[in-house]
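Note: the block below is upload36.tsv and it holds TSV, C-alpha atoms.
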chain	number	residue	atom	x	y	z
A	1	MET	CA	-26.48	-17.78	0.41
A	2	ASN	CA	-27.26	-16.87	4.00
A	3	GLY	CA	-27.40	-13.14	4.67
A	4	ASN	CA	-26.26	-9.91	3.08
A	5	VAL	CA	-22.70	-8.74	2.40
A	6	ILE	CA	-20.86	-5.81	3.94
A	7	VAL	CA	-17.45	-4.57	2.82
A	8	GLY	CA	-15.08	-1.89	4.11
A	9	GLN	CA	-11.75	-0.31	3.27
A	10	SER	CA	-9.12	0.60	5.83
A	11	GLY	CA	-5.63	2.04	6.17
A	12	GLY	CA	-3.73	3.94	3.50
A	13	PRO	CA	-5.38	3.96	0.06
A	14	THR	CA	-3.90	2.77	-3.23
A	15	SER	CA	-4.65	3.44	-6.87
A	16	VAL	CA	-6.28	-0.01	-7.23
A	17	ILE	CA	-8.05	-0.59	-3.90
A	18	ASN	CA	-11.37	0.20	-5.57
A	19	SER	CA	-10.77	-2.54	-8.11
A	20	SER	CA	-10.86	-4.99	-5.18
A	21	LEU	CA	-14.10	-3.38	-4.03
A	22	ALA	CA	-15.49	-3.82	-7.55
A	23	GLY	CA	-14.42	-7.48	-7.47
A	24	VAL	CA	-16.25	-8.05	-4.18
A	25	PHE	CA	-19.41	-6.28	-5.33
A	26	LYS	CA	-19.64	-7.75	-8.82
A	27	THR	CA	-18.90	-11.32	-7.68
A	28	ALA	CA	-21.36	-11.06	-4.80
A	29	LYS	CA	-24.16	-9.85	-7.07
A	30	ASP	CA	-23.34	-12.41	-9.75
A	31	ARG	CA	-23.61	-15.15	-7.10
A	32	GLY	CA	-27.01	-13.98	-5.93
A	33	ALA	CA	-26.34	-11.66	-2.99
A	34	ASN	CA	-29.41	-9.66	-2.08
A	35	LYS	CA	-27.81	-6.55	-0.58
A	36	VAL	CA	-24.15	-5.46	-0.58
A	37	TYR	CA	-23.43	-2.73	1.94
A	38	GLY	CA	-20.35	-0.53	2.08
A	39	MET	CA	-19.00	0.77	5.39
A	40	ILE	CA	-18.23	4.48	5.24
A	41	HIS	CA	-14.80	4.98	6.87
A	42	GLY	CA	-14.28	1.35	7.72
A	43	ILE	CA	-15.02	-0.29	11.05
A	44	LYS	CA	-15.05	3.09	12.82
A	45	GLY	CA	-17.80	4.27	10.49
A	46	LEU	CA	-19.75	1.08	11.05
A	47	LEU	CA	-19.67	1.72	14.80
A	48	ASP	CA	-21.25	5.10	14.00
A	49	ARG	CA	-23.81	3.36	11.74
A	50	GLN	CA	-22.38	4.90	8.58
A	51	TYR	CA	-22.95	2.67	5.56
A	52	VAL	CA	-24.49	2.69	2.09
A	53	GLU	CA	-26.14	0.06	-0.05
A	54	LEU	CA	-23.76	-0.28	-2.98
A	55	SER	CA	-26.42	-1.49	-5.41
A	56	ASP	CA	-27.83	2.04	-5.32
A	57	LYS	CA	-24.44	3.45	-6.36
A	58	LEU	CA	-22.99	0.77	-8.65
A	59	ASN	CA	-26.05	0.22	-10.78
A	60	THR	CA	-24.45	0.31	-14.24
A	61	THR	CA	-21.53	-1.35	-15.97
A	62	MET	CA	-20.00	2.10	-16.49
A	63	ALA	CA	-20.16	2.85	-12.76
A	64	ILE	CA	-18.27	-0.36	-11.95
A	65	ASP	CA	-15.71	0.40	-14.66
A	66	LEU	CA	-15.23	3.92	-13.28
A	67	LEU	CA	-14.88	2.50	-9.77
A	68	LYS	CA	-11.99	0.28	-10.89
A	69	ARG	CA	-10.22	3.33	-12.32
A	70	THR	CA	-10.88	5.63	-9.34
A	71	PRO	CA	-7.91	6.08	-6.98
A	72	SER	CA	-8.05	6.15	-3.19
A	73	SER	CA	-10.74	4.52	-1.07
A	74	TYR	CA	-14.21	5.00	-2.55
A	75	LEU	CA	-15.84	4.18	0.79
A	76	GLY	CA	-13.40	6.22	2.85
A	77	SER	CA	-10.92	4.76	5.30
A	78	CYS	CA	-9.91	4.80	8.95
A	79	ARG	CA	-6.98	4.01	11.20
A	80	TYR	CA	-8.96	2.58	14.07
A	81	LYS	CA	-7.57	-0.20	16.23
A	82	LEU	CA	-10.20	-2.49	17.68
A	83	PRO	CA	-9.60	-3.10	21.38
A	84	GLU	CA	-8.84	-6.57	22.63
A	85	ILE	CA	-12.04	-8.59	23.06
A	86	ALA	CA	-11.50	-9.05	26.82
A	87	ASP	CA	-10.96	-5.31	27.30
A	88	SER	CA	-14.09	-4.07	25.55
A	89	ARG	CA	-16.76	-6.66	24.92
A	90	GLU	CA	-19.32	-3.86	24.55
A	91	THR	CA	-17.57	-2.69	21.37
A	92	TYR	CA	-17.98	-6.12	19.79
A	93	GLU	CA	-21.53	-6.46	21.02
A	94	LYS	CA	-22.37	-3.18	19.29
A	95	ILE	CA	-20.69	-4.23	16.02
A	96	PHE	CA	-22.45	-7.58	15.92
A	97	ALA	CA	-25.79	-5.99	16.83
A	98	ILE	CA	-25.46	-3.68	13.81
A	99	LEU	CA	-24.45	-6.60	11.58
A	100	ASP	CA	-27.47	-8.59	12.77
A	101	GLU	CA	-29.78	-5.63	12.09
A	102	LEU	CA	-28.50	-5.53	8.52
A	103	GLU	CA	-28.80	-9.31	8.25
A	104	ILE	CA	-25.12	-9.62	7.38
A	105	GLY	CA	-23.79	-13.06	6.60
A	106	TYR	CA	-20.46	-12.04	5.06
A	107	PHE	CA	-18.04	-9.35	6.25
A	108	LEU	CA	-15.08	-8.38	4.03
A	109	TYR	CA	-12.33	-5.90	4.88
A	110	ILE	CA	-9.85	-4.56	2.33
A	111	GLY	CA	-6.57	-3.49	3.90
A	112	GLY	CA	-3.08	-4.20	5.15
A	113	ASN	CA	-1.49	-5.47	8.37
A	114	ASP	CA	-3.63	-3.47	10.77
A	115	SER	CA	-6.83	-4.22	8.84
A	116	MET	CA	-6.14	-7.93	9.08
A	117	ASP	CA	-5.94	-7.45	12.85
A	118	THR	CA	-9.57	-6.29	12.66
A	119	ILE	CA	-10.59	-9.41	10.72
A	120	LYS	CA	-8.79	-11.65	13.22
A	121	LYS	CA	-10.50	-10.09	16.24
A	122	LEU	CA	-13.96	-10.12	14.66
A	123	SER	CA	-13.65	-13.72	13.48
A	124	ASP	CA	-12.36	-14.77	16.90
A	125	TYR	CA	-15.34	-13.10	18.59
A	126	ALA	CA	-17.75	-14.73	16.14
A	127	LYS	CA	-16.33	-18.19	16.94
A	128	GLU	CA	-16.46	-17.56	20.68
A	129	ASN	CA	-20.08	-16.44	20.53
A	130	GLY	CA	-21.54	-18.78	17.94
A	131	SER	CA	-22.07	-16.19	15.20
A	132	ALA	CA	-22.43	-17.63	11.69
A	133	ILE	CA	-21.05	-14.49	10.00
A	134	LYS	CA	-18.06	-15.19	7.75
A	135	PHE	CA	-15.08	-12.81	7.95
A	136	MET	CA	-12.57	-12.49	5.10
A	137	GLY	CA	-9.57	-10.25	4.54
A	138	VAL	CA	-8.75	-8.77	1.12
A	139	PRO	CA	-5.06	-7.74	0.84
A	140	LYS	CA	-4.11	-4.17	0.02
A	141	THR	CA	-1.02	-2.07	0.66
A	142	ILE	CA	1.49	-0.20	-1.47
A	143	ASP	CA	4.10	-1.15	1.15
A	144	ASN	CA	4.06	-4.80	0.03
A	145	ASP	CA	4.74	-5.89	3.60
A	146	LEU	CA	2.01	-8.51	4.14
A	147	ALA	CA	3.29	-11.93	5.12
A	148	ILE	CA	2.72	-15.12	3.09
A	149	THR	CA	1.41	-13.43	-0.09
A	150	ASP	CA	3.92	-13.07	-2.94
A	151	HIS	CA	3.00	-9.40	-3.18
A	152	THR	CA	0.08	-7.12	-2.42
A	153	PRO	CA	-2.33	-5.36	-4.78
A	154	GLY	CA	-1.42	-1.68	-4.86
A	155	PHE	CA	2.33	-2.27	-4.78
A	156	GLY	CA	2.78	-2.82	-8.53
A	157	SER	CA	1.13	0.46	-9.52
A	158	ALA	CA	3.02	2.43	-6.88
A	159	ALA	CA	6.28	0.82	-8.04
A	160	LYS	CA	5.45	1.73	-11.64
A	161	PHE	CA	4.84	5.36	-10.66
A	162	ILE	CA	8.06	5.51	-8.65
A	163	ALA	CA	10.23	4.03	-11.41
A	164	ALA	CA	8.72	6.33	-14.05
A	165	THR	CA	9.06	9.39	-11.81
A	166	MET	CA	12.69	8.58	-11.03
A	167	LYS	CA	13.46	8.41	-14.75
A	168	GLU	CA	11.96	11.87	-15.20
A	169	ILE	CA	13.84	13.32	-12.21
A	170	ILE	CA	17.10	11.88	-13.57
A	171	ARG	CA	16.48	13.42	-17.00
A	172	ASP	CA	15.74	16.78	-15.40
A	173	GLY	CA	19.00	16.78	-13.46
A	174	LEU	CA	21.11	16.07	-16.54
A	175	VAL	CA	20.35	19.44	-18.13
A	176	TYR	CA	23.03	21.16	-16.02
A	177	ASP	CA	26.80	20.99	-16.47
A	178	TYR	CA	27.51	21.10	-12.74
A	179	PRO	CA	26.67	18.61	-9.98
A	180	THR	CA	23.27	18.79	-8.32
A	181	ILE	CA	21.99	16.34	-5.78
A	182	THR	CA	18.36	15.26	-5.55
A	183	VAL	CA	17.21	13.18	-2.59
A	184	VAL	CA	13.85	11.51	-3.22
A	185	GLU	CA	11.86	10.32	-0.20
A	186	ILE	CA	9.65	7.27	-0.81
A	187	MET	CA	7.10	5.69	1.52
A	188	GLY	CA	8.20	2.75	3.66
A	189	ARG	CA	8.24	2.80	7.46
A	190	ASN	CA	9.97	-0.51	8.17
A	191	ALA	CA	10.06	-2.21	4.76
A	192	GLY	CA	11.88	-0.90	1.71
A	193	TRP	CA	9.94	-2.59	-1.10
A	194	LEU	CA	8.69	0.68	-2.60
A	195	THR	CA	12.05	2.44	-2.47
A	196	SER	CA	13.70	-0.55	-4.13
A	197	ALA	CA	11.43	0.04	-7.14
A	198	ALA	CA	13.58	3.10	-7.91
A	199	ALA	CA	16.15	0.62	-9.28
A	200	LEU	CA	13.81	-0.15	-12.19
A	201	ALA	CA	14.58	3.29	-13.63
A	202	LYS	CA	17.97	2.04	-14.83
A	203	SER	CA	17.73	0.90	-18.45
A	204	ASP	CA	19.30	1.45	-21.85
A	205	ASP	CA	17.79	4.94	-21.97
A	206	CYS	CA	18.45	5.93	-18.34
A	207	GLU	CA	21.51	5.99	-16.11
A	208	GLY	CA	19.43	5.07	-13.06
A	209	VAL	CA	19.58	6.34	-9.50
A	210	ASP	CA	22.98	6.44	-7.82
A	211	LEU	CA	22.14	5.24	-4.32
A	212	ILE	CA	19.22	3.42	-2.66
A	213	TYR	CA	18.71	3.28	1.10
A	214	LEU	CA	16.16	0.96	2.73
A	215	PRO	CA	14.98	0.68	6.38
A	216	GLU	CA	16.21	-2.92	6.62
A	217	LYS	CA	19.80	-1.72	7.06
A	218	PRO	CA	21.14	0.91	9.51
A	219	PHE	CA	21.85	4.30	7.92
A	220	ASP	CA	25.10	6.14	8.64
A	221	VAL	CA	24.78	9.88	7.98
A	222	GLU	CA	28.54	10.53	7.88
A	223	LYS	CA	29.19	7.68	5.43
A	224	PHE	CA	26.34	8.97	3.29
A	225	ILE	CA	27.87	12.46	3.14
A	226	GLU	CA	31.25	11.00	2.21
A	227	LYS	CA	29.64	8.94	-0.56
A	228	ILE	CA	27.97	12.07	-1.95
A	229	ARG	CA	31.29	13.91	-1.75
A	230	ASN	CA	32.98	11.26	-3.90
A	231	LEU	CA	30.10	11.05	-6.40
A	232	SER	CA	30.04	14.81	-6.79
A	233	LYS	CA	33.60	14.71	-8.16
A	234	THR	CA	32.18	13.23	-11.38
A	235	GLY	CA	30.63	16.63	-12.05
A	236	ARG	CA	27.19	15.29	-12.92
A	237	SER	CA	23.72	15.15	-11.42
A	238	ILE	CA	23.23	12.69	-8.55
A	239	VAL	CA	19.88	11.15	-7.60
A	240	VAL	CA	19.35	9.25	-4.35
A	241	ALA	CA	16.28	7.23	-3.30
A	242	VAL	CA	15.63	6.92	0.44
A	243	SER	CA	12.87	5.23	2.40
A	244	GLU	CA	11.09	7.59	4.78
A	245	GLY	CA	11.75	5.13	7.61
A	246	ILE	CA	15.55	4.73	7.41
A	247	LYS	CA	17.11	4.64	10.87
A	248	THR	CA	20.54	5.15	12.38
A	249	ALA	CA	22.32	2.28	14.14
A	250	ASP	CA	20.77	3.29	17.49
A	251	GLY	CA	17.26	2.91	16.05
A	252	LYS	CA	16.49	6.60	15.64
A	253	PHE	CA	14.60	7.63	12.50
A	254	VAL	CA	16.69	9.96	10.33
A	255	PHE	CA	13.83	12.44	10.10
A	256	GLU	CA	13.96	12.70	13.91
A	257	LEU	CA	17.47	14.16	13.65
A	258	ALA	CA	15.84	17.42	12.55
A	259	GLU	CA	13.22	19.43	14.39
A	260	HIS	CA	9.78	18.06	13.65
A	261	VAL	CA	6.24	17.99	14.96
A	262	GLU	CA	5.38	14.44	15.98
A	263	PHE	CA	1.99	12.83	15.33
A	264	VAL	CA	1.23	9.24	16.35
A	265	ASP	CA	-1.82	7.34	15.05
A	266	ALA	CA	-4.03	4.79	16.82
A	267	PHE	CA	-1.60	1.96	15.98
A	268	GLY	CA	1.39	3.82	17.44
A	269	HIS	CA	2.83	4.77	14.05
A	270	LYS	CA	4.75	8.03	13.89
A	271	GLN	CA	3.99	10.34	11.00
A	272	MET	CA	6.84	9.98	8.52
A	273	SER	CA	8.13	13.11	6.82
A	274	GLY	CA	11.35	15.06	6.49
A	275	THR	CA	14.03	12.44	5.82
A	276	ALA	CA	14.94	13.78	2.37
A	277	LYS	CA	14.81	17.38	3.53
A	278	PHE	CA	17.16	16.67	6.42
A	279	LEU	CA	19.66	14.91	4.15
A	280	ALA	CA	19.51	17.58	1.44
A	281	ASN	CA	20.12	20.31	4.01
A	282	LYS	CA	22.99	18.29	5.47
A	283	ILE	CA	24.61	17.93	2.03
A	284	THR	CA	24.44	21.68	1.42
A	285	ALA	CA	25.68	22.55	4.90
A	286	VAL	CA	28.65	20.16	4.86
A	287	LEU	CA	29.60	20.03	1.16
A	288	GLY	CA	28.33	23.38	-0.09
A	289	LEU	CA	26.54	21.67	-2.99
A	290	LYS	CA	23.13	22.45	-4.40
A	291	ALA	CA	20.75	19.80	-3.09
A	292	ARG	CA	16.99	19.47	-3.22
A	293	ALA	CA	14.54	17.17	-1.50
A	294	ILE	CA	11.49	15.63	-3.16
A	295	GLU	CA	8.80	13.82	-1.19
A	296	LEU	CA	6.62	11.66	-3.40
A	297	SER	CA	4.20	11.49	-0.47
A	298	THR	CA	0.60	10.60	-1.38
A	299	LEU	CA	1.35	10.85	-5.11
A	300	GLN	CA	2.77	7.33	-5.11
A	301	ARG	CA	-0.47	5.82	-3.80
A	302	CYS	CA	-3.06	7.84	-5.76
A	303	ALA	CA	-1.54	8.04	-9.26
A	304	ALA	CA	-4.27	6.07	-11.06
A	305	HIS	CA	-3.08	7.50	-14.38
A	306	MET	CA	0.01	5.28	-13.93
A	307	THR	CA	-1.84	2.10	-12.96
A	308	SER	CA	-0.33	-1.26	-13.83
A	309	ARG	CA	-2.84	-3.46	-15.65
A	310	THR	CA	-1.32	-6.48	-13.91
A	311	ASP	CA	-1.94	-4.82	-10.56
A	312	ILE	CA	-5.50	-3.66	-11.18
A	313	THR	CA	-6.46	-7.09	-12.56
A	314	GLU	CA	-5.04	-8.89	-9.53
A	315	ALA	CA	-6.77	-6.42	-7.21
A	316	TYR	CA	-10.11	-7.27	-8.82
A	317	ASN	CA	-9.37	-10.99	-8.65
A	318	VAL	CA	-8.53	-11.05	-4.93
A	319	GLY	CA	-11.79	-9.24	-4.18
A	320	GLY	CA	-13.75	-11.78	-6.16
A	321	ALA	CA	-11.85	-14.70	-4.62
A	322	ALA	CA	-12.58	-13.42	-1.09
A	323	ILE	CA	-16.35	-13.26	-1.52
A	324	LYS	CA	-16.35	-16.62	-3.30
A	325	ALA	CA	-14.50	-18.22	-0.38
A	326	ALA	CA	-16.86	-16.61	2.14
A	327	PHE	CA	-19.90	-17.92	0.27
A	328	GLU	CA	-18.31	-21.38	0.38
A	329	GLY	CA	-18.07	-21.21	4.18
A	330	GLU	CA	-14.53	-19.95	4.79
A	331	THR	CA	-13.92	-17.48	7.62
A	332	GLY	CA	-10.93	-15.96	9.40
A	333	LYS	CA	-8.92	-16.16	6.17
A	334	VAL	CA	-7.07	-13.78	3.84
A	335	VAL	CA	-6.73	-14.17	0.08
A	336	VAL	CA	-3.06	-14.32	-0.90
A	337	LEU	CA	-1.26	-14.35	-4.24
A	338	LYS	CA	1.04	-17.25	-5.13
A	339	ARG	CA	3.50	-16.79	-8.01
A	340	VAL	CA	3.57	-19.98	-10.05
A	341	SER	CA	5.62	-18.74	-12.99
A	342	ASP	CA	8.03	-15.92	-13.79
A	343	ASP	CA	8.21	-16.42	-17.54
A	344	PRO	CA	5.47	-16.03	-18.44
A	345	TYR	CA	4.44	-14.30	-15.23
A	346	MET	CA	1.46	-15.94	-13.53
A	347	CYS	CA	-0.08	-15.71	-10.05
A	348	ILE	CA	-2.98	-17.65	-8.56
A	349	THR	CA	-5.05	-16.94	-5.43
A	350	GLU	CA	-4.98	-19.05	-2.29
A	351	LEU	CA	-6.25	-18.67	1.28
A	352	ALA	CA	-4.17	-18.17	4.42
A	353	ASP	CA	-5.13	-18.02	8.08
A	354	VAL	CA	-5.50	-14.35	9.12
A	355	GLY	CA	-3.61	-15.12	12.34
A	356	LYS	CA	-0.45	-15.73	10.31
A	357	ILE	CA	-0.75	-12.35	8.56
A	358	ALA	CA	-2.22	-9.85	11.04
A	359	ASN	CA	0.46	-7.59	12.56
A	360	VAL	CA	3.30	-9.40	10.75
A	361	GLU	CA	5.61	-7.32	8.52
A	362	LYS	CA	7.40	-8.82	5.53
A	363	LYS	CA	10.66	-6.99	4.92
A	364	VAL	CA	13.07	-6.97	2.00
A	365	PRO	CA	15.48	-9.93	2.43
A	366	LEU	CA	18.93	-8.70	3.38
A	367	GLU	CA	20.48	-10.74	0.57
A	368	TRP	CA	18.54	-8.52	-1.86
A	369	ILE	CA	20.27	-5.39	-0.50
A	370	THR	CA	23.84	-4.90	-1.73
A	371	ASP	CA	26.79	-3.54	0.25
A	372	ASP	CA	27.25	-0.66	-2.20
A	373	ASP	CA	23.94	0.98	-1.21
A	374	TYR	CA	21.85	-0.50	-3.98
A	375	VAL	CA	19.62	-3.55	-4.54
A	376	ALA	CA	20.29	-6.93	-6.12
A	377	GLN	CA	19.10	-8.00	-9.56
A	378	ASP	CA	16.88	-10.63	-7.94
A	379	LEU	CA	14.80	-7.87	-6.36
A	380	ILE	CA	14.46	-6.03	-9.67
A	381	HIS	CA	13.44	-9.31	-11.32
A	382	TYR	CA	10.81	-9.83	-8.59
A	383	ILE	CA	9.19	-6.41	-9.11
A	384	HIS	CA	9.43	-6.17	-12.89
A	385	PRO	CA	6.35	-8.28	-13.83
A	386	LEU	CA	4.16	-6.33	-11.43
A	387	ILE	CA	4.44	-3.04	-13.32
A	388	GLN	CA	3.57	-4.39	-16.74
A	389	ALA	CA	0.88	-3.00	-19.07
A	390	GLU	CA	-1.44	-0.08	-18.55
A	391	LEU	CA	-5.11	0.67	-17.99
A	392	SER	CA	-5.90	4.14	-19.24
A	393	PRO	CA	-8.30	6.36	-17.27
A	394	ILE	CA	-11.66	7.26	-18.75
A	395	MET	CA	-11.02	10.84	-19.85
A	396	VAL	CA	-13.65	13.57	-19.77
A	397	ASP	CA	-12.84	17.14	-20.83
A	398	GLY	CA	-9.13	16.31	-20.84
A	399	LEU	CA	-9.01	14.87	-17.31
A	400	PRO	CA	-9.58	11.46	-15.68
A	401	ARG	CA	-13.14	10.78	-14.53
A	402	HIS	CA	-13.58	9.39	-11.02
A	403	LEU	CA	-16.53	7.98	-9.09
A	404	LYS	CA	-17.76	9.61	-5.87
A	405	VAL	CA	-19.74	7.82	-3.17
A	406	ASN	CA	-22.15	10.76	-2.81
Rewrite the structure of this file - the entire thing - as structure tokens.
Amino acid sequence: MNGNVIVGQSGGPTSVINSSLAGVFKTAKDRGANKVYGMIHGIKGLLDRQYVELSDKLNTTMAIDLLKRTPSSYLGSCRYKLPEIADSRETYEKIFAILDELEIGYFLYIGGNDSMDTIKKLSDYAKENGSAIKFMGVPKTIDNDLAITDHTPGFGSAAKFIAATMKEIIRDGLVYDYPTITVVEIMGRNAGWLTSAAALAKSDDCEGVDLIYLPEKPFDVEKFIEKIRNLSKTGRSIVVAVSEGIKTADGKFVFELAEHVEFVDAFGHKQMSGTAKFLANKITAVLGLKARAIELSTLQRCAAHMTSRTDITEAYNVGGAAIKAAFEGETGKVVVLKRVSDDPYMCITELADVGKIANVEKKVPLEWITDDDYVAQDLIHYIHPLIQAELSPIMVDGLPRHLKVN
């Protein structure tokens, strides 16, 4: 051991991101760490000297257990893009001065593509300037779009929520004896992994969704309307799953076809919303059919009552593996999951160079997207093990109990 530990969370939250935080904290303390600090609101908060000593907060077994079951980011998050080292050396000098004040030897960041960019830049600066601080990335994203890793913690629970919700929406629509169309918008800017989880709803007790549209393939509005027209002739309820980021052949987001207020974050990402509403309105206007839009929005990333036990266990394990690797001298790496068996399902942790993961998006393979606007069985088989088993919330007065940082 050489120095204290600091850990932060960044980007969009998940229902199991705090399980990774628990894995970092518990493993660090078990291995003899003196102090484990938590950045409040990620690297941006650290620049503002916002942090807490986690030992003061996570001082009982119950607190750690509650943390694992608490959705969203316990420490808060940020969408802050570190400048290039050459463009703002003073930013890095300030960060490293704060880390030195806290006697930090190990820096861990839990996040997705953009968060791994932070780890890459900090580890590069450390190498250039002879700092002994070890920097490790802990994977997290419901989007499942990190390169190299088989999948990302957070995805399995979100997929479980989506599949279960789709089954319930389908059941609801079947109560009527006339056709209704429901368009469900699911998160996914450039990768359709989450939307593809809607296919898991189809089973011996459920007819399944009728159509699935992912960002990996161009979307044709007119062909979509014609498909709905033909399906409506069956006289039954129709349910469609669409990724928020589907685009037309000219690269325009479908939600941009309607009037919208545009917001762009620090990484240049447009705020996604309105795809389902546009399509539902289009169906009604052209076909005269009753159509509704449902946006799952933040529900799909904060539904801790629908957590996959597989997911929450793997989230804890990658956190523990990251701090273990840092203590053993690794830096500039990300913990990844490697699937070694499908039946029975088994994944192990490995390390990958952060430079091969930062700012790289893993998309759904085109061979896993069928020509009839659905997904292949191989994709369903890939997701299925990740949604298995449950971890019930700790209930108090009829509601889940969560842990607050203050």
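Counting only C-alpha atoms and comparing A:Ile104, A:Ala22, A:Ile181, A:Met116, the residue that lies closest to Leu289 of chain A is A:Ile181.
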Give me the box for segment 56-72 of chain A as lines of an AutoDock Vina configuration file, namely the centre and edge lengths in Å to one decimal of a box along x, y and z that holds every listed atom plus 3 Å on each side.
center_x = -17.9
center_y = 2.4
center_z = -9.8
size_x = 25.9
size_y = 13.5
size_z = 19.3
From the list A:Ser77, A:Ser72, A:Lys140, A:Asp150, which residue is nearest Lys362 of chain A when using all atoms listed in the file?
A:Asp150
Spatial neighbours of segment 304-311 of chain A, 7 Å, all atoms listed in the file, chain gap at least 5 places, as a VMD selection string:
chain A and resid 15 69 to 71 153 to 154 156 to 157 160 to 161 386 to 393
In Å and to one decimal, atom CA of His151 of chain A is distant from atom CA of Val340 of chain A by 12.6 Å
Point-to-point distance in Å for atom CA of Ser88 of chain A and atom CA of Ala132 of chain A:
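About the pair atom CA of Ala132 of chain A and atom CA of Ser88 of chain A: they are 21.1 Å apart.
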Test item: residues at most 12 Å from Tyr92 of chain A, only C-alpha atoms, excluding those fewer than 2 positions along its chain, as a PDB file with C-alpha atoms, in the coordinates of the input:
ATOM      1  CA  ILE A  43     -15.020  -0.290  11.050  1.00  0.00           C
ATOM      2  CA  LYS A  44     -15.050   3.090  12.820  1.00  0.00           C
ATOM      3  CA  LEU A  46     -19.750   1.080  11.050  1.00  0.00           C
ATOM      4  CA  LEU A  47     -19.670   1.720  14.800  1.00  0.00           C
ATOM      5  CA  LEU A  82     -10.200  -2.490  17.680  1.00  0.00           C
ATOM      6  CA  PRO A  83      -9.600  -3.100  21.380  1.00  0.00           C
ATOM      7  CA  GLU A  84      -8.840  -6.570  22.630  1.00  0.00           C
ATOM      8  CA  ILE A  85     -12.040  -8.590  23.060  1.00  0.00           C
ATOM      9  CA  ALA A  86     -11.500  -9.050  26.820  1.00  0.00           C
ATOM     10  CA  ASP A  87     -10.960  -5.310  27.300  1.00  0.00           C
ATOM     11  CA  SER A  88     -14.090  -4.070  25.550  1.00  0.00           C
ATOM     12  CA  ARG A  89     -16.760  -6.660  24.920  1.00  0.00           C
ATOM     13  CA  GLU A  90     -19.320  -3.860  24.550  1.00  0.00           C
ATOM     14  CA  LYS A  94     -22.370  -3.180  19.290  1.00  0.00           C
ATOM     15  CA  ILE A  95     -20.690  -4.230  16.020  1.00  0.00           C
ATOM     16  CA  PHE A  96     -22.450  -7.580  15.920  1.00  0.00           C
ATOM     17  CA  ALA A  97     -25.790  -5.990  16.830  1.00  0.00           C
ATOM     18  CA  ILE A  98     -25.460  -3.680  13.810  1.00  0.00           C
ATOM     19  CA  LEU A  99     -24.450  -6.600  11.580  1.00  0.00           C
ATOM     20  CA  THR A 118      -9.570  -6.290  12.660  1.00  0.00           C
ATOM     21  CA  LYS A 121     -10.500 -10.090  16.240  1.00  0.00           C
ATOM     22  CA  LEU A 122     -13.960 -10.120  14.660  1.00  0.00           C
ATOM     23  CA  SER A 123     -13.650 -13.720  13.480  1.00  0.00           C
ATOM     24  CA  ASP A 124     -12.360 -14.770  16.900  1.00  0.00           C
ATOM     25  CA  TYR A 125     -15.340 -13.100  18.590  1.00  0.00           C
ATOM     26  CA  ALA A 126     -17.750 -14.730  16.140  1.00  0.00           C
ATOM     27  CA  GLU A 128     -16.460 -17.560  20.680  1.00  0.00           C
ATOM     28  CA  ASN A 129     -20.080 -16.440  20.530  1.00  0.00           C
ATOM     29  CA  SER A 131     -22.070 -16.190  15.200  1.00  0.00           C
TER      30      SER A 131
END
Between atom CA of Gly112 of chain A and atom CA of Val334 of chain A, measure the distance and give it in Å to one decimal.
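Taking atom CA of Gly112 of chain A as the start and atom CA of Val334 of chain A as the end point, the length is 10.5 Å.
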Given all atoms listed in the file as the basis, pick out the residue of A:Glu361, A:Asp220, A:Asp342, A:Asp372 nearest to Asn190 of chain A.
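Of A:Glu361, A:Asp220, A:Asp342, A:Asp372, the one nearest Asn190 of chain A, counting all atoms listed in the file, is A:Glu361.
Residues in contact with Ile369 of chain A at 9 Å, where all atoms listed in the file are counted and same-chain residues fewer than 3 positions away are skipped, are listed as Ser196, Tyr213, Leu214, Glu216, Lys217, Val364, Pro365, Leu366, Asp372, Asp373, Tyr374, Val375, Ala376 and Leu379 of chain A.
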Pick from A:Gly251, A:Gly274, A:Pro139, A:Gly38 nearest to Val183 of chain A, counting only C-alpha atoms:
A:Gly274
